[in-house]
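*Asks:* Structure: entry_20.txt, compact mmCIF, C-alpha atoms.
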```
# COMPACT_ATOMS: atom_id res chain seq x y z
CA MET A 405 -26.90 -6.55 -16.84
CA GLU A 406 -26.76 -10.03 -18.27
CA ILE A 407 -23.28 -11.32 -17.58
CA ASN A 408 -22.56 -14.87 -16.59
CA PRO A 409 -21.75 -14.79 -12.85
CA VAL A 410 -18.78 -17.11 -13.37
CA VAL A 411 -17.32 -14.64 -15.84
CA ILE A 412 -17.66 -11.94 -13.21
CA LEU A 413 -15.83 -14.13 -10.73
CA PHE A 414 -12.81 -14.59 -13.00
CA ALA A 415 -12.88 -11.02 -14.21
CA ALA A 416 -12.85 -9.76 -10.62
CA ILE A 417 -9.79 -11.89 -9.87
CA PHE A 418 -7.72 -11.33 -12.99
CA THR A 419 -8.77 -8.75 -15.54
CA ASN A 420 -10.61 -6.28 -13.33
CA ASN A 421 -8.51 -6.84 -10.25
CA ILE A 422 -9.80 -4.47 -7.59
CA ILE A 423 -6.37 -3.17 -6.67
CA LEU A 424 -4.50 -3.26 -9.96
CA THR A 425 -7.17 -1.74 -12.15
CA ASN A 426 -9.39 0.13 -9.68
CA PHE A 427 -6.78 1.12 -7.09
CA LEU A 428 -8.94 0.16 -4.14
CA GLY A 429 -7.45 -0.83 -0.81
CA MET A 430 -4.08 0.77 -1.53
CA CYS A 431 -3.52 2.02 2.02
CA SER A 432 -3.40 -1.37 3.67
CA PHE A 433 -1.83 -2.86 0.54
CA ILE A 434 1.22 -0.68 1.05
CA ALA A 435 1.24 -0.85 4.84
CA VAL A 436 0.79 -4.59 5.32
CA SER A 437 2.48 -6.14 2.28
CA SER A 438 5.87 -6.53 3.94
CA GLU A 439 5.33 -10.13 5.03
CA ILE A 440 3.69 -13.04 3.23
CA LYS A 441 2.04 -14.52 6.30
CA THR A 442 0.36 -11.33 7.47
CA SER A 443 -0.65 -10.49 3.91
CA LEU A 444 -2.36 -13.84 3.57
CA GLY A 445 -4.15 -13.30 6.89
CA LEU A 446 -5.40 -9.89 5.90
CA GLY A 447 -6.34 -11.19 2.46
CA GLN A 448 -8.50 -13.91 3.96
CA ALA A 449 -10.19 -11.48 6.29
CA VAL A 450 -10.87 -9.07 3.43
CA THR A 451 -12.27 -11.84 1.21
CA PHE A 452 -14.57 -13.02 3.98
CA VAL A 453 -15.89 -9.58 4.84
CA LEU A 454 -16.18 -8.53 1.18
CA THR A 455 -18.27 -11.55 0.23
CA PHE A 456 -20.81 -11.00 2.97
CA THR A 457 -21.01 -7.23 3.04
CA THR A 458 -21.53 -7.07 -0.72
CA VAL A 459 -24.55 -9.35 -0.48
CA LEU A 460 -25.78 -7.61 2.65
CA ASN A 461 -25.50 -4.22 0.98
CA TYR A 462 -27.21 -5.60 -2.11
CA VAL A 463 -30.20 -6.65 -0.05
CA ILE A 464 -30.29 -3.38 1.88
CA TYR A 465 -29.94 -1.24 -1.24
CA HIS A 466 -32.53 -2.99 -3.37
CA HIS A 467 -35.04 -3.90 -0.69
CA VAL A 468 -34.84 -1.02 1.74
CA LEU A 469 -33.25 2.07 0.22
CA GLU A 470 -34.70 1.85 -3.27
CA PRO A 471 -38.36 1.39 -2.26
CA LEU A 472 -37.96 4.31 0.14
CA GLY A 473 -36.23 6.48 -2.45
CA LEU A 474 -33.23 7.01 -0.20
CA GLU A 475 -30.50 6.00 -2.67
CA SER A 476 -28.47 9.09 -1.84
CA PHE A 477 -27.95 7.82 1.67
CA ARG A 478 -26.28 4.67 0.43
CA PHE A 479 -22.80 5.85 1.46
CA ILE A 480 -23.77 6.30 5.06
CA VAL A 481 -25.79 3.09 5.15
CA PHE A 482 -23.08 1.01 3.46
CA ILE A 483 -20.36 2.20 5.78
CA ILE A 484 -22.50 1.51 8.84
CA THR A 485 -23.34 -1.96 7.53
CA ILE A 486 -19.67 -2.70 6.99
CA ALA A 487 -18.63 -1.40 10.41
CA ALA A 488 -21.44 -3.28 12.14
CA PHE A 489 -20.71 -6.49 10.23
CA VAL A 490 -17.02 -6.36 11.08
CA GLN A 491 -17.85 -5.76 14.74
CA LEU A 492 -20.32 -8.63 14.74
CA VAL A 493 -17.93 -11.04 13.07
CA GLU A 494 -15.24 -10.10 15.53
CA MET A 495 -17.48 -10.91 18.47
CA ILE A 496 -18.79 -14.18 17.04
CA VAL A 497 -15.39 -15.41 15.95
CA GLU A 498 -13.86 -14.52 19.30
CA ARG A 499 -16.57 -16.42 21.14
CA TYR A 500 -16.89 -19.57 19.02
CA LEU A 501 -13.81 -19.94 16.85
CA PRO A 502 -10.81 -18.94 18.93
CA ASN A 503 -8.33 -20.38 16.45
CA LEU A 504 -9.71 -18.34 13.62
CA TYR A 505 -9.79 -15.34 15.91
CA TYR A 506 -6.08 -15.59 16.55
CA ALA A 507 -5.45 -15.83 12.82
CA LEU A 508 -7.71 -12.99 11.70
CA GLY A 509 -8.34 -11.07 14.92
CA ILE A 510 -5.92 -8.21 14.55
CA PHE A 511 -6.89 -7.63 10.94
CA LEU A 512 -10.61 -7.26 11.41
CA PRO A 513 -10.64 -3.69 12.79
CA LEU A 514 -8.38 -2.63 9.92
CA ILE A 515 -10.95 -3.74 7.41
CA THR A 516 -13.60 -1.16 8.17
CA VAL A 517 -11.37 1.52 6.71
CA ASN A 518 -10.24 -0.55 3.73
CA CYS A 519 -11.73 1.27 0.78
CA ALA A 520 -11.94 -1.94 -1.24
CA ILE A 521 -14.93 -3.03 0.85
CA LEU A 522 -16.95 0.13 0.32
CA GLY A 523 -15.73 0.37 -3.27
CA VAL A 524 -17.00 -3.07 -4.21
CA SER A 525 -20.41 -2.28 -2.76
CA LEU A 526 -20.54 0.95 -4.77
CA PHE A 527 -19.44 -0.81 -7.96
CA MET A 528 -22.11 -3.42 -7.36
CA VAL A 529 -24.75 -0.67 -7.38
CA ILE A 530 -23.33 1.17 -10.39
CA ARG A 531 -22.97 -1.97 -12.53
CA GLU A 532 -26.45 -3.16 -11.55
CA TYR A 533 -25.49 -6.68 -10.58
CA ASN A 534 -28.08 -9.13 -9.31
CA MET A 535 -27.73 -11.09 -6.09
CA LEU A 536 -25.66 -14.01 -7.41
CA GLN A 537 -23.46 -11.71 -9.48
CA SER A 538 -22.87 -9.54 -6.41
CA LEU A 539 -21.92 -12.55 -4.33
CA LEU A 540 -19.35 -13.78 -6.85
CA PHE A 541 -18.14 -10.26 -7.55
CA GLY A 542 -17.48 -9.71 -3.84
CA PHE A 543 -15.77 -13.06 -3.45
CA GLY A 544 -13.71 -12.67 -6.62
CA SER A 545 -12.60 -9.19 -5.67
CA GLY A 546 -11.43 -10.50 -2.31
CA VAL A 547 -9.48 -13.33 -3.94
CA GLY A 548 -7.97 -10.91 -6.45
CA TRP A 549 -6.94 -8.55 -3.66
CA THR A 550 -5.37 -11.42 -1.73
CA LEU A 551 -3.52 -12.59 -4.83
CA ALA A 552 -2.10 -9.14 -5.41
CA ILE A 553 -1.04 -8.48 -1.82
CA VAL A 554 0.57 -11.91 -1.37
CA ALA A 555 2.47 -11.54 -4.64
CA MET A 556 3.55 -8.10 -3.53
CA ALA A 557 4.76 -9.42 -0.17
CA GLY A 558 6.85 -12.01 -2.02
CA ILE A 559 8.40 -9.35 -4.24
CA ARG A 560 9.10 -7.02 -1.34
CA LYS A 561 10.99 -9.79 0.45
CA ARG A 562 13.49 -9.80 -2.40
CA LEU A 563 13.39 -6.04 -2.67
CA LYS A 564 14.93 -5.71 0.79
CA TYR A 565 18.29 -6.72 -0.67
CA ALA A 566 18.09 -4.36 -3.61
CA LYS A 567 19.73 -0.96 -3.68
CA VAL A 568 16.97 1.62 -4.12
CA PRO A 569 17.63 5.36 -4.57
CA LYS A 570 17.05 7.36 -1.38
CA GLY A 571 13.79 9.13 -2.16
CA LEU A 572 12.28 6.09 -3.78
CA GLU A 573 12.67 3.79 -0.78
CA GLY A 574 9.60 2.33 0.91
CA PRO A 575 6.29 3.46 -0.56
CA GLY A 576 7.78 4.87 -3.76
CA ILE A 577 9.30 1.66 -5.00
CA THR A 578 6.28 -0.34 -3.80
CA ILE A 579 4.02 1.75 -5.99
CA ILE A 580 6.31 1.40 -9.02
CA VAL A 581 6.42 -2.37 -8.53
CA THR A 582 2.62 -2.39 -8.26
CA GLY A 583 2.60 -0.62 -11.61
CA LEU A 584 4.71 -3.38 -13.14
CA MET A 585 2.37 -5.93 -11.63
CA ALA A 586 -0.63 -4.11 -13.10
CA LEU A 587 1.14 -4.19 -16.44
CA ALA A 588 1.58 -7.94 -16.13
CA PHE A 589 -2.09 -8.39 -15.23
CA ILE A 590 -3.10 -6.59 -18.41
CA GLY A 591 -1.84 -9.74 -20.11
CA PHE A 592 -4.90 -11.53 -18.75
CA SER A 593 -7.30 -9.08 -20.32
CA GLY A 594 -7.98 -11.24 -23.36
CA ILE A 595 -9.40 -14.08 -21.28
CA VAL A 596 -12.60 -12.56 -19.95
CA GLN A 597 -14.04 -9.10 -20.17
CA ILE A 598 -16.65 -7.22 -18.20
CA GLN A 599 -17.82 -3.66 -18.74
CA MET B 1132 -6.15 34.81 14.48
CA ASP B 1133 -2.46 34.17 14.72
CA ASN B 1134 -0.80 34.68 11.36
CA THR B 1135 2.27 32.56 12.00
CA LYS B 1136 0.10 29.67 13.09
CA VAL B 1137 -1.98 29.94 9.94
CA ARG B 1138 1.14 30.01 7.80
CA LYS B 1139 2.49 26.97 9.61
CA ILE B 1140 -0.75 25.06 9.02
CA PHE B 1141 -0.53 25.76 5.30
CA THR B 1142 3.16 24.97 4.81
CA LEU B 1143 2.73 21.71 6.71
CA GLY B 1144 -0.45 20.69 4.93
CA VAL B 1145 0.69 21.54 1.44
CA TRP B 1146 4.34 20.51 1.62
CA GLY B 1147 5.90 19.42 4.93
CA ASP B 1148 3.22 16.93 5.89
CA ASN B 1149 1.69 16.51 2.45
CA PRO B 1150 -0.90 13.75 2.74
CA ILE B 1151 0.15 11.98 -0.44
CA PHE B 1152 3.90 11.90 -0.79
CA ARG B 1153 4.78 12.29 2.88
CA GLN B 1154 2.11 10.28 4.64
CA ILE B 1155 0.97 8.04 1.74
CA LEU B 1156 -2.70 8.59 2.52
CA GLY B 1157 -5.58 8.75 0.10
CA ILE B 1158 -3.73 6.95 -2.65
CA CYS B 1159 -6.77 5.16 -4.08
CA SER B 1160 -8.41 8.22 -5.50
CA ALA B 1161 -5.08 9.84 -6.33
CA LEU B 1162 -4.59 7.02 -8.80
CA ALA B 1163 -8.10 6.49 -10.02
CA VAL B 1164 -9.22 9.95 -11.10
CA THR B 1165 -5.96 11.36 -12.44
CA ASN B 1166 -6.30 10.30 -16.07
CA LEU B 1167 -7.93 13.68 -16.80
CA MET B 1168 -7.11 17.03 -15.23
CA LEU B 1169 -10.73 18.12 -14.99
CA ASN B 1170 -11.66 15.01 -12.98
CA SER B 1171 -8.72 15.62 -10.66
CA LEU B 1172 -9.71 19.23 -10.13
CA VAL B 1173 -13.28 18.31 -9.22
CA MET B 1174 -12.05 15.53 -6.95
CA GLY B 1175 -9.59 17.91 -5.29
CA LEU B 1176 -12.26 20.55 -4.71
CA GLY B 1177 -14.62 17.90 -3.34
CA LEU B 1178 -11.96 16.71 -0.95
CA ILE B 1179 -11.10 20.23 0.21
CA PHE B 1180 -14.78 20.83 0.93
CA VAL B 1181 -15.30 17.57 2.80
CA THR B 1182 -12.06 17.76 4.79
CA SER B 1183 -12.46 21.36 5.89
CA PHE B 1184 -16.11 21.13 6.88
CA SER B 1185 -15.68 17.75 8.56
CA GLU B 1186 -12.80 19.11 10.58
CA LEU B 1187 -14.84 22.19 11.46
CA THR B 1188 -17.76 20.08 12.66
CA VAL B 1189 -15.60 17.62 14.55
CA SER B 1190 -13.81 20.49 16.23
CA LEU B 1191 -17.07 22.25 17.13
CA ILE B 1192 -18.49 19.23 18.91
CA ARG B 1193 -15.18 17.89 20.23
CA LYS B 1194 -16.02 18.81 23.83
CA PHE B 1195 -19.36 16.98 23.78
CA THR B 1196 -18.32 13.83 21.96
CA PRO B 1197 -17.74 10.85 24.23
CA LYS B 1198 -14.23 9.51 23.58
CA HIS B 1199 -15.12 5.92 22.77
CA ILE B 1200 -17.66 6.64 20.05
CA ARG B 1201 -15.78 9.49 18.39
CA MET B 1202 -14.67 7.36 15.42
CA MET B 1203 -18.26 6.50 14.57
CA VAL B 1204 -19.29 10.14 14.96
CA GLN B 1205 -16.48 11.22 12.66
CA VAL B 1206 -17.45 8.68 10.01
CA LEU B 1207 -21.04 9.89 10.13
CA ILE B 1208 -20.01 13.53 9.82
CA ILE B 1209 -17.71 12.76 6.89
CA SER B 1210 -20.39 10.68 5.17
CA SER B 1211 -22.89 13.50 5.45
CA PHE B 1212 -20.58 15.93 3.68
CA VAL B 1213 -19.74 13.35 1.03
CA ILE B 1214 -23.45 12.89 0.39
CA ILE B 1215 -23.73 16.65 -0.15
CA VAL B 1216 -20.91 16.53 -2.71
CA ASP B 1217 -22.49 13.53 -4.44
CA ILE B 1218 -25.94 15.10 -4.69
CA PHE B 1219 -24.43 18.39 -5.87
CA LEU B 1220 -22.47 16.69 -8.64
CA LYS B 1221 -25.45 14.59 -9.69
CA ALA B 1222 -27.67 17.64 -9.91
CA TYR B 1223 -25.34 20.09 -11.65
CA TYR B 1224 -22.65 18.00 -13.35
CA PRO B 1225 -24.18 14.60 -14.10
CA GLU B 1226 -21.41 13.76 -16.58
CA MET B 1227 -18.74 14.41 -14.01
CA SER B 1228 -20.64 12.35 -11.49
CA GLU B 1229 -20.70 9.49 -14.00
CA ALA B 1230 -16.99 9.81 -14.74
CA LEU B 1231 -15.93 9.79 -11.11
CA GLY B 1232 -18.21 6.84 -10.42
CA PRO B 1233 -17.71 5.25 -7.02
CA TYR B 1234 -14.72 7.41 -6.18
CA VAL B 1235 -16.89 10.25 -4.86
CA GLY B 1236 -18.34 7.86 -2.29
CA LEU B 1237 -14.89 6.59 -1.54
CA ILE B 1238 -13.93 10.00 -0.16
CA ILE B 1239 -15.46 8.60 3.05
CA THR B 1240 -12.74 6.01 3.40
CA ASN B 1241 -10.05 8.41 2.26
CA CYS B 1242 -7.69 8.18 5.20
CA ILE B 1243 -6.67 11.83 4.90
CA ILE B 1244 -9.94 13.08 6.34
CA MET B 1245 -10.14 10.57 9.19
CA GLY B 1246 -6.49 11.19 9.93
CA ARG B 1247 -6.82 14.96 10.12
CA CYS B 1248 -10.03 14.78 12.19
CA GLU B 1249 -8.39 12.42 14.63
CA SER B 1250 -5.00 14.08 14.90
CA TYR B 1251 -5.87 17.76 14.49
CA ALA B 1252 -9.54 18.68 14.76
CA GLN B 1253 -9.97 16.65 17.93
CA ASN B 1254 -7.62 18.97 19.87
CA ASN B 1255 -7.82 22.36 18.15
CA PRO B 1256 -10.29 25.25 17.92
CA PRO B 1257 -12.76 25.23 14.99
CA ILE B 1258 -11.24 28.02 12.91
CA TYR B 1259 -7.79 26.42 12.82
CA ALA B 1260 -9.30 23.01 12.22
CA PHE B 1261 -11.16 24.40 9.23
CA LEU B 1262 -7.97 25.96 7.82
CA ASP B 1263 -6.08 22.75 8.45
CA GLY B 1264 -8.68 20.92 6.38
CA VAL B 1265 -8.29 23.44 3.55
CA ALA B 1266 -4.50 23.09 3.72
CA SER B 1267 -4.46 19.29 3.67
CA GLY B 1268 -7.06 19.21 0.93
CA THR B 1269 -5.02 21.68 -1.12
CA GLY B 1270 -1.87 19.61 -0.68
CA TYR B 1271 -3.79 16.63 -1.94
CA ALA B 1272 -5.36 18.51 -4.85
CA ILE B 1273 -2.01 19.89 -6.03
CA ILE B 1274 -0.40 16.46 -6.21
CA LEU B 1275 -3.47 15.14 -8.01
CA LEU B 1276 -3.20 17.91 -10.59
CA ILE B 1277 0.52 17.30 -11.11
CA ILE B 1278 -0.05 13.60 -11.74
CA ALA B 1279 -3.03 14.33 -13.96
CA PHE B 1280 -1.08 16.92 -15.94
CA PHE B 1281 1.49 14.36 -17.07
CA ARG B 1282 -0.99 11.55 -17.54
CA GLU B 1283 -3.35 13.61 -19.66
CA LEU B 1284 -0.54 15.23 -21.62
CA LEU B 1285 1.18 11.95 -22.44
CA GLY B 1286 -1.96 9.84 -22.70
CA PHE B 1287 -4.24 12.16 -24.68
CA GLY B 1288 -1.91 14.97 -25.76
CA SER B 1289 -4.22 17.49 -24.09
CA ILE B 1290 -4.54 19.66 -20.99
CA PHE B 1291 -7.99 20.19 -19.46
CA GLY B 1292 -9.38 18.64 -22.62
CA ILE B 1293 -7.69 21.19 -24.91
CA GLN B 1294 -5.44 19.56 -27.48
CA VAL B 1295 -1.94 20.96 -27.07
CA LEU B 1296 0.20 18.38 -28.82
CA GLY B 1297 -0.32 18.15 -32.56
CA ALA B 1298 -1.21 15.22 -34.74
CA TRP B 1299 2.43 14.05 -34.69
CA TRP B 1300 2.03 13.00 -31.09
CA THR B 1301 1.42 9.30 -30.49
CA ASN B 1302 -0.69 8.84 -27.38
CA TRP B 1303 0.85 6.72 -24.68
CA ILE B 1304 -2.08 4.43 -23.97
CA VAL B 1305 -0.33 3.02 -20.93
CA MET B 1306 -0.57 6.42 -19.23
CA ILE B 1307 -4.37 6.29 -19.30
CA MET B 1308 -4.43 2.75 -18.00
CA ALA B 1309 -3.73 1.63 -14.44
CA PRO B 1310 0.04 1.01 -14.71
CA GLY B 1311 0.64 4.56 -15.87
CA ALA B 1312 -1.03 5.84 -12.72
CA PHE B 1313 1.21 3.74 -10.53
CA PHE B 1314 4.38 4.77 -12.36
CA MET B 1315 3.46 8.44 -12.30
CA LEU B 1316 2.61 8.43 -8.59
CA GLY B 1317 5.82 6.55 -7.82
CA ILE B 1318 7.84 9.13 -9.71
CA VAL B 1319 6.06 12.05 -8.04
CA ILE B 1320 6.72 10.57 -4.61
CA TRP B 1321 10.35 10.00 -5.59
CA VAL B 1322 10.88 13.56 -6.82
CA ALA B 1323 9.03 15.17 -3.90
CA ARG B 1324 10.86 13.14 -1.30
CA SER B 1325 14.22 13.84 -2.91
CA LEU B 1326 13.47 17.56 -2.89
CA SER B 1327 12.64 17.61 0.81
CA PRO B 1328 14.80 14.93 2.41
CA GLU B 1329 13.33 15.03 5.86
CA ASP B 1330 14.25 12.10 8.00
CA GLU B 1331 11.35 9.82 8.76
CA GLU B 1332 11.95 9.65 12.49
CA SER B 1333 11.38 13.32 13.28
CA ASN B 1334 8.28 13.20 11.13
CA LYS B 1335 6.85 10.25 12.99
CA GLN B 1336 7.43 11.96 16.30
CA GLU B 1337 5.62 15.01 15.07
CA VAL B 1338 2.61 12.95 14.13
CA ALA B 1339 2.68 11.20 17.48
CA LYS B 1340 2.78 14.53 19.27
CA ALA B 1341 -0.12 15.92 17.32
```
The structure given in the file should be rewritten as structure tokens.
*Replies:*
Amino acid sequence: MEINPVVILFAAIFTNNIILTNFLGMCSFIAVSSEIKTSLGLGQAVTFVLTFTTVLNYVIYHHVLEPLGLESFRFIVFIITIAAFVQLVEMIVERYLPNLYYALGIFLPLITVNCAILGVSLFMVIREYNMLQSLLFGFGSGVGWTLAIVAMAGIRKRLKYAKVPKGLEGPGITIIVTGLMALAFIGFSGIVQIQ
Amino acid sequence: MDNTKVRKIFTLGVWGDNPIFRQILGICSALAVTNLMLNSLVMGLGLIFVTSFSELTVSLIRKFTPKHIRMMVQVLIISSFVIIVDIFLKAYYPEMSEALGPYVGLIITNCIIMGRCESYAQNNPPIYAFLDGVASGTGYAIILLIIAFFRELLGFGSIFGIQVLGAWWTNWIVMIMAPGAFFMLGIVIWVARSLSPEDEESNKQEVAKA
């Protein structure tokens, strides 16, 4: 596909936001979005891991799986790559960058099960991106995810003081608010367009 | 087989401990595939298959699996079954495979399966684990179909692709798009939780015990 990589970057952040249009990473989005600081921490960790695993999976898919004709095994290979990468990063960061480790440490194990990571890798295969496009797509998706979760944390802070009907409390209202946010993000759709 | 135990597994899986509105697990796919009922049905069946057989396998080998690598083993088992679903869809229903896109693969990271393997299959005999998987999967599939019913009806005026509302009906485009999914899921959670007002605390303890 011949799309300008920069367009992909902006589309991944705004118009094709991974969480608001593709619903990926909802579990941790709902669980962690109660505080701005933790949301930002998780967002950074997700962006970091997304950027690298997308490229890594690109290389593995196109240079190992495809020549061998093992495309069907991509799920298993992608998830192992992601788990291994997260483990590796955790060890390296703990050893050499203690400050960063304290900031991101607790979030790293959570990331393996964040479906946004696997989802982006799968989208990258389906949309047939090249290496540079994959890199910016991964990075943009991470930034978009961070943007959404931090905004959500800000809204939920105010929401604490609101009177919400009994059954709607907690996850229910969070999902409705996410819907409103998604509606607002549709406003961006004129700017750039992929797909 | 103990009938009361089986009944308990099913009432818990489908209603009492419903993965979606009670535990808020597996939301990603619940939102993504529910714009059409057919997609939701296929997704639901896929999930029932993967959950039940993963739980069966995990339960079968639970005595031989070293504790510290069990997560990795579970992920590998789940991935294998997801690959089966993916290949099956590609071979027999290529259009459906195209429509579901990456969400078939994302069954792997669907927390429902991991959650049930970890909390149930790890400590229970294979036959019950299998039934538990069927029950949880069914609970998930039913919610998916409810959401999809309203989204397809309001968004396309049809049910399972059959036009039921006449030409006078103006399609609600928003229902097909992402915000509609969020609103619909929010409403379903609201209604379901209002119908069974179980206090959160006792529920949490139950999960902890399991």
*Asks:* Select all residues from chain A having any atom no more than 7 Å from an atom of chain B (counting all atoms listed in the file, ignoring ligands), output as a count of residues only.
*Replies:* 28
*Asks:* Can you tell me how far atom CA of Lys1194 of chain B sits from atom CA of Asn1255 of chain B, in Å to one decimal?
*Replies:*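 Here the two named atoms are 10.6 Å from each other.
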*Asks:* Within 12 Å of (-20.0, 16.6, -13.9) (coordinates as in the file), grab all the protein and nucleic acid residues, counting only C-alpha atoms, and write them out as a list in words.
*Replies:*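 With a cut-off of 12 Å, the residues come to Leu1169, Asn1170, Ser1171, Leu1172, Val1173, Met1174, Gly1177, Val1216, Asp1217, Ile1218, Phe1219, Leu1220, Lys1221, Ala1222, Tyr1223, Tyr1224, Pro1225, Glu1226, Met1227, Ser1228, Glu1229, Ala1230, Leu1231, Gly1232 and Val1235 of chain B.
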*Asks:* Interatomic distance between atom CA of Ala488 of chain A and atom CA of Ile1243 of chain B?
*Replies:* 22.3 Å
*Asks:* Atom CA of Met528 of chain A and atom CA of Ile407 of chain A are how many Å apart?
*Replies:*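 That distance, rounded to one decimal, is 13.0 Å.
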*Asks:* Would you mind telling me which residue in B:Gln1253, B:Leu1285, B:Thr1135, B:Ala1272 lies nearest to Pro1197 of chain B when using all atoms listed in the file?
*Replies:*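 For Pro1197 of chain B, the nearest of the candidates is B:Gln1253.
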*Asks:* Just the residues within 12 Å of Leu551 of chain A, please, counting only C-alpha atoms, with nothing from its chain fewer than 5 positions along; format it as a ChimeraX atom specification.
*Replies:* /A:416-418,421-424,433,437,440,443-448,450-451,544-546,556-558,585,589
*Asks:* Taking all atoms listed in the file into account, which of B:Gly1246, B:Ala1266, B:Asp1148, B:Leu1176 comes nearest Gln1205 of chain B?
*Replies:*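 Of B:Gly1246, B:Ala1266, B:Asp1148, B:Leu1176, the one nearest Gln1205 of chain B is B:Gly1246, counting all atoms listed in the file.
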*Asks:* Set out as CSV a contact list for segment 487-599 of chain A and segment 463-472 of chain A with a cut-off of 10 Å, giving each residue of segment 487-599 of chain A that qualifies its closest atom pair and distance in Å to one decimal, counting only C-alpha atoms, ordered by chain and rising residue number.
*Replies:*
```
residue,atom,partner,partner_atom,distance
A:Ser525,CA,A:Tyr465,CA,9.7
A:Val529,CA,A:Tyr465,CA,8.1
A:Asn534,CA,A:His466,CA,9.6
A:Met535,CA,A:Val463,CA,7.9
```
*Asks:* Now that the selection is made, can you save its residues with C-alpha atoms as a PDB file, keeping the file's coordinate frame?
*Replies:*
```pdb
ATOM      1  CA  SER A 525     -20.410  -2.280  -2.760  1.00  0.00           C
ATOM      2  CA  VAL A 529     -24.750  -0.670  -7.380  1.00  0.00           C
ATOM      3  CA  ASN A 534     -28.080  -9.130  -9.310  1.00  0.00           C
ATOM      4  CA  MET A 535     -27.730 -11.090  -6.090  1.00  0.00           C
TER       5      MET A 535
END
```
*Asks:* Enclose all atoms of segment 1208-1226 of chain B listed in the file in an axis-aligned box, grow every side by 3 Å, and hand back centre and edge lengths in Å to one decimal, as lines of an AutoDock Vina configuration file.
*Replies:*
```
center_x = -22.7
center_y = 15.4
center_z = -3.4
size_x = 16.0
size_y = 15.4
size_z = 32.4
```
*Asks:* List the neighbours of Thr458 of chain A out to 7 Å using all atoms listed in the file; skip same-chain residues closer than 6 positions along the sequence, and give me the result as a list in words.
*Replies:*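 Listed by chain and then number, they are Val524, Ser525, Ser538, Leu539 and Gly542 of chain A.
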*Asks:* As a tab-separated table (two decimals), in the frame of the given file, please: segment 1305-1309 of chain B completed to all heavy atoms.
*Replies:*
```tsv
chain	number	residue	atom	x	y	z
B	1305	VAL	N	-0.62	3.55	-22.26
B	1305	VAL	CA	-0.33	3.02	-20.93
B	1305	VAL	C	-0.54	4.08	-19.84
B	1305	VAL	O	-0.86	3.77	-18.70
B	1305	VAL	CB	1.11	2.45	-20.89
B	1305	VAL	CG1	2.15	3.55	-20.90
B	1305	VAL	CG2	1.30	1.58	-19.66
B	1306	MET	N	-0.39	5.36	-20.21
B	1306	MET	CA	-0.57	6.42	-19.23
B	1306	MET	C	-2.02	6.54	-18.77
B	1306	MET	O	-2.31	6.96	-17.65
B	1306	MET	CB	-0.12	7.76	-19.82
B	1306	MET	CG	1.35	8.03	-19.62
B	1306	MET	SD	1.73	8.14	-17.88
B	1306	MET	CE	3.46	7.75	-17.88
B	1307	ILE	N	-2.95	6.21	-19.66
B	1307	ILE	CA	-4.37	6.29	-19.30
B	1307	ILE	C	-4.76	5.09	-18.46
B	1307	ILE	O	-5.63	5.15	-17.62
B	1307	ILE	CB	-5.25	6.34	-20.56
B	1307	ILE	CG1	-4.73	7.42	-21.50
B	1307	ILE	CG2	-6.70	6.58	-20.21
B	1307	ILE	CD1	-5.25	7.28	-22.90
B	1308	MET	N	-4.08	3.98	-18.72
B	1308	MET	CA	-4.43	2.75	-18.00
B	1308	MET	C	-3.78	2.74	-16.62
B	1308	MET	O	-3.00	3.61	-16.26
B	1308	MET	CB	-3.98	1.55	-18.81
B	1308	MET	CG	-4.81	1.37	-20.07
B	1308	MET	SD	-4.01	0.31	-21.25
B	1308	MET	CE	-4.21	-1.26	-20.49
B	1309	ALA	N	-4.16	1.71	-15.84
B	1309	ALA	CA	-3.73	1.63	-14.44
B	1309	ALA	C	-2.22	1.72	-14.24
B	1309	ALA	O	-1.76	2.48	-13.39
B	1309	ALA	CB	-4.29	0.37	-13.81
```
